[in-house]
$ cat upload-v5.cif   # mmCIF, C-alpha atoms
data_query
loop_
_atom_site.group_PDB
_atom_site.id
_atom_site.type_symbol
_atom_site.label_atom_id
_atom_site.label_comp_id
_atom_site.auth_asym_id
_atom_site.auth_seq_id
_atom_site.Cartn_x
_atom_site.Cartn_y
_atom_site.Cartn_z
ATOM 1 C CA MET A 1 107.799 116.263 98.590
ATOM 2 C CA LYS A 2 111.136 114.856 97.517
ATOM 3 C CA SER A 3 112.018 111.185 98.005
ATOM 4 C CA THR A 4 115.384 110.461 99.636
ATOM 5 C CA GLY A 5 115.370 106.769 98.695
ATOM 6 C CA ILE A 6 116.165 105.946 102.334
ATOM 7 C CA VAL A 7 114.009 103.337 104.090
ATOM 8 C CA ARG A 8 114.027 102.743 107.843
ATOM 9 C CA ARG A 9 112.130 100.200 109.935
ATOM 10 C CA ILE A 10 110.205 101.024 113.102
ATOM 11 C CA ASP A 11 111.669 99.212 116.130
ATOM 12 C CA GLU A 12 109.757 97.428 118.902
ATOM 13 C CA LEU A 13 109.324 100.696 120.803
ATOM 14 C CA GLY A 14 107.950 102.572 117.773
ATOM 15 C CA ARG A 15 111.165 104.508 117.101
ATOM 16 C CA ILE A 16 112.676 105.475 113.761
ATOM 17 C CA VAL A 17 116.294 106.571 113.375
ATOM 18 C CA LEU A 18 116.723 109.609 111.118
ATOM 19 C CA PRO A 19 119.835 109.213 108.967
ATOM 20 C CA ILE A 20 122.710 111.562 109.765
ATOM 21 C CA GLU A 21 122.579 113.045 106.250
ATOM 22 C CA ILE A 22 119.006 114.216 106.812
ATOM 23 C CA ARG A 23 119.776 115.512 110.327
ATOM 24 C CA LYS A 24 122.743 117.504 108.992
ATOM 25 C CA ASN A 25 120.765 118.927 106.049
ATOM 26 C CA LEU A 26 118.001 120.103 108.391
ATOM 27 C CA SER A 27 120.341 121.211 111.212
ATOM 28 C CA LEU A 28 118.728 118.751 113.633
ATOM 29 C CA CYS A 29 120.765 118.002 116.750
ATOM 30 C CA SER A 30 120.284 115.681 119.688
ATOM 31 C CA LYS A 31 117.488 116.890 121.967
ATOM 32 C CA ASP A 32 115.942 119.117 119.252
ATOM 33 C CA ALA A 33 112.149 119.029 119.266
ATOM 34 C CA VAL A 34 110.395 117.711 116.162
ATOM 35 C CA GLU A 35 106.759 118.444 115.346
ATOM 36 C CA ILE A 36 104.671 115.639 113.813
ATOM 37 C CA PHE A 37 101.938 116.287 111.241
ATOM 38 C CA VAL A 38 99.581 113.777 109.619
ATOM 39 C CA ASN A 39 97.867 114.342 106.266
ATOM 40 C CA GLU A 40 95.738 111.358 105.245
ATOM 41 C CA ASP A 41 98.344 108.572 104.852
ATOM 42 C CA THR A 42 101.414 110.819 105.083
ATOM 43 C CA ILE A 43 103.502 111.597 108.180
ATOM 44 C CA VAL A 44 105.547 114.804 108.083
ATOM 45 C CA LEU A 45 108.291 115.636 110.581
ATOM 46 C CA LYS A 46 109.331 119.270 111.002
ATOM 47 C CA LYS A 47 111.884 120.867 113.289
ATOM 48 C CA TYR A 48 109.795 122.521 115.987
ATOM 49 C CA GLU A 49 110.011 126.285 116.110
ATOM 50 C CA PRO A 50 107.867 127.957 118.753
ATOM 51 C CA ALA A 51 105.330 130.439 117.398
ATOM 52 C CA CYS A 52 102.857 132.886 118.935
ATOM 53 C CA ILE A 53 99.592 131.217 119.981
ATOM 54 C CA PHE A 54 97.633 134.229 118.704
ATOM 55 C CA CYS A 55 99.148 135.202 115.353
ATOM 56 C CA GLY A 56 101.571 132.357 114.561
ATOM 57 C CA SER A 57 104.574 134.679 114.250
ATOM 58 C CA MET A 58 107.988 133.399 115.301
ATOM 59 C CA ASP A 59 109.453 136.909 115.560
ATOM 60 C CA ASP A 60 110.366 137.839 119.142
ATOM 61 C CA ALA A 61 108.379 134.836 120.470
ATOM 62 C CA LYS A 62 108.725 134.402 124.229
ATOM 63 C CA LEU A 63 107.336 132.110 126.870
ATOM 64 C CA PHE A 64 104.651 133.895 128.917
ATOM 65 C CA ARG A 65 102.788 131.953 131.629
ATOM 66 C CA GLY A 66 103.470 128.665 129.844
ATOM 67 C CA LYS A 67 102.421 129.919 126.395
ATOM 68 C CA ILE A 68 104.452 131.252 123.464
ATOM 69 C CA ILE A 69 103.493 134.823 122.569
ATOM 70 C CA CYS A 70 105.190 137.442 120.370
ATOM 71 C CA GLU A 71 106.022 140.965 121.523
ATOM 72 C CA LYS A 72 103.370 142.521 119.263
ATOM 73 C CA CYS A 73 100.524 140.418 120.693
ATOM 74 C CA LEU A 74 101.838 140.885 124.233
ATOM 75 C CA ASP A 75 101.816 144.668 123.721
ATOM 76 C CA GLU A 76 98.252 144.485 122.363
ATOM 77 C CA LEU A 77 97.154 142.551 125.435
ATOM 78 C CA LYS A 78 98.890 145.024 127.778
ATOM 79 C CA ASN A 79 97.265 147.982 126.012
ATOM 80 C CA GLY A 80 93.805 146.412 125.923
ATOM 81 C CA ASP A 81 93.755 146.365 122.107
ATOM 82 C CA VAL A 82 91.836 143.073 122.088
ATOM 83 C CA LYS A 83 89.675 142.596 118.987
ATOM 84 C CA ASN A 84 86.901 140.003 118.703
#
$ encode --input "upload-v5.cif" --output "structure tokens"
Amino acid sequence: MKSTGIVRRIDELGRIVLPIEIRKNLSLCSKDAVEIFVNEDTIVLKKYEPACIFCGSMDDAKLFRGKIICEKCLDELKNGDVKN
């Protein structure tokens, strides 16, 4: 990880403002979803990109009955190519 040297305080509601420089560098816009990861004492924020619940692919990912699934896995399910 690379340090930016930027420090922000958490407000009374638990919010942190991401500096505009970081938002621009990561192409984050208002209303974009951000995924939160925790690794021991480290918090990592990542721009959320929907991925297939079966294989993790982001290629051709679509919403199907409330779940994200890629075309390949959807085809496998349609064709009964389910492997245990």
$ residues_around --input "upload-v5.cif" --residues "Lys46 of chain A" --least-positions-apart "6" --cutoff "7 Å" --atoms "all atoms listed in the file" --output "JSON, numbers by chain"
{"A": [34, 35, 36]}
$ atom_distance --input "upload-v5.cif" --atom1 "atom CA of Ile43 of chain A" --atom2 "atom CA of Cys29 of chain A"
20.3 Å
$ residues_around --input "upload-v5.cif" --residues "Ser30 of chain A" --least-positions-apart "6" --cutoff "12 Å" --atoms "only C-alpha atoms" --output "ChimeraX atom specification"
/A:17-18,20,23-24,47
$ atom_distance --input "upload-v5.cif" --atom1 "atom CA of Val38 of chain A" --atom2 "atom CA of Lys62 of chain A"
26.9 Å
$ residues_around --input "upload-v5.cif" --residues "Leu63 of chain A" --least-positions-apart "3" --cutoff "10 Å" --atoms "all atoms listed in the file" --output "ChimeraX atom specification"
/A:50-52,66-70
$ atom_distance --input "upload-v5.cif" --atom1 "atom CA of Lys2 of chain A" --atom2 "atom CA of Lys31 of chain A"
25.3 Å
$ closest_residue --input "upload-v5.cif" --among "A:Asn25, A:Ser3, A:Ser57, A:Asn39" --to "Glu71 of chain A" --atoms "all atoms listed in the file"
A:Ser57
$ residues_around --input "upload-v5.cif" --residues "segment 4-8 of chain A" --least-positions-apart "3" --cutoff "10 Å" --atoms "all atoms listed in the file" --output "number ranges by chain"
A: 1, 11, 15-19, 22
$ residues_around --input "upload-v5.cif" --residues "Cys73 of chain A" --least-positions-apart "3" --cutoff "10 Å" --atoms "all atoms listed in the file" --output "list in words"
Cys52, Ile53, Phe54, Cys55, Ser57, Ala61, Ile69, Cys70, Glu76, Leu77, Lys78, Asn79, Asp81 and Val82 of chain A
$ write_last_selection --input "upload-v5.cif" --atoms "C-alpha atoms" --output "short mmCIF file (atom, residue, chain, number, x, y, z; two decimals), keeping the file's coordinate frame"
data_model
loop_
_atom_site.label_atom_id
_atom_site.label_comp_id
_atom_site.auth_asym_id
_atom_site.auth_seq_id
_atom_site.Cartn_x
_atom_site.Cartn_y
_atom_site.Cartn_z
CA CYS A 52 102.86 132.89 118.94
CA ILE A 53 99.59 131.22 119.98
CA PHE A 54 97.63 134.23 118.70
CA CYS A 55 99.15 135.20 115.35
CA SER A 57 104.57 134.68 114.25
CA ALA A 61 108.38 134.84 120.47
CA ILE A 69 103.49 134.82 122.57
CA CYS A 70 105.19 137.44 120.37
CA GLU A 76 98.25 144.49 122.36
CA LEU A 77 97.15 142.55 125.44
CA LYS A 78 98.89 145.02 127.78
CA ASN A 79 97.26 147.98 126.01
CA ASP A 81 93.76 146.36 122.11
CA VAL A 82 91.84 143.07 122.09
#
$ closest_residue --input "upload-v5.cif" --among "A:Gly80, A:Tyr48, A:Gly56, A:Thr42" --to "Leu26 of chain A" --atoms "only C-alpha atoms"
A:Tyr48
$ closest_residue --input "upload-v5.cif" --among "A:Gly14, A:Glu49, A:Glu21, A:Asp75" --to "Ala33 of chain A" --atoms "all atoms listed in the file"
A:Glu49
$ closest_residue --input "upload-v5.cif" --among "A:Glu12, A:Lys72, A:Leu28, A:Arg65" --to "Leu45 of chain A" --atoms "all atoms listed in the file"
A:Leu28
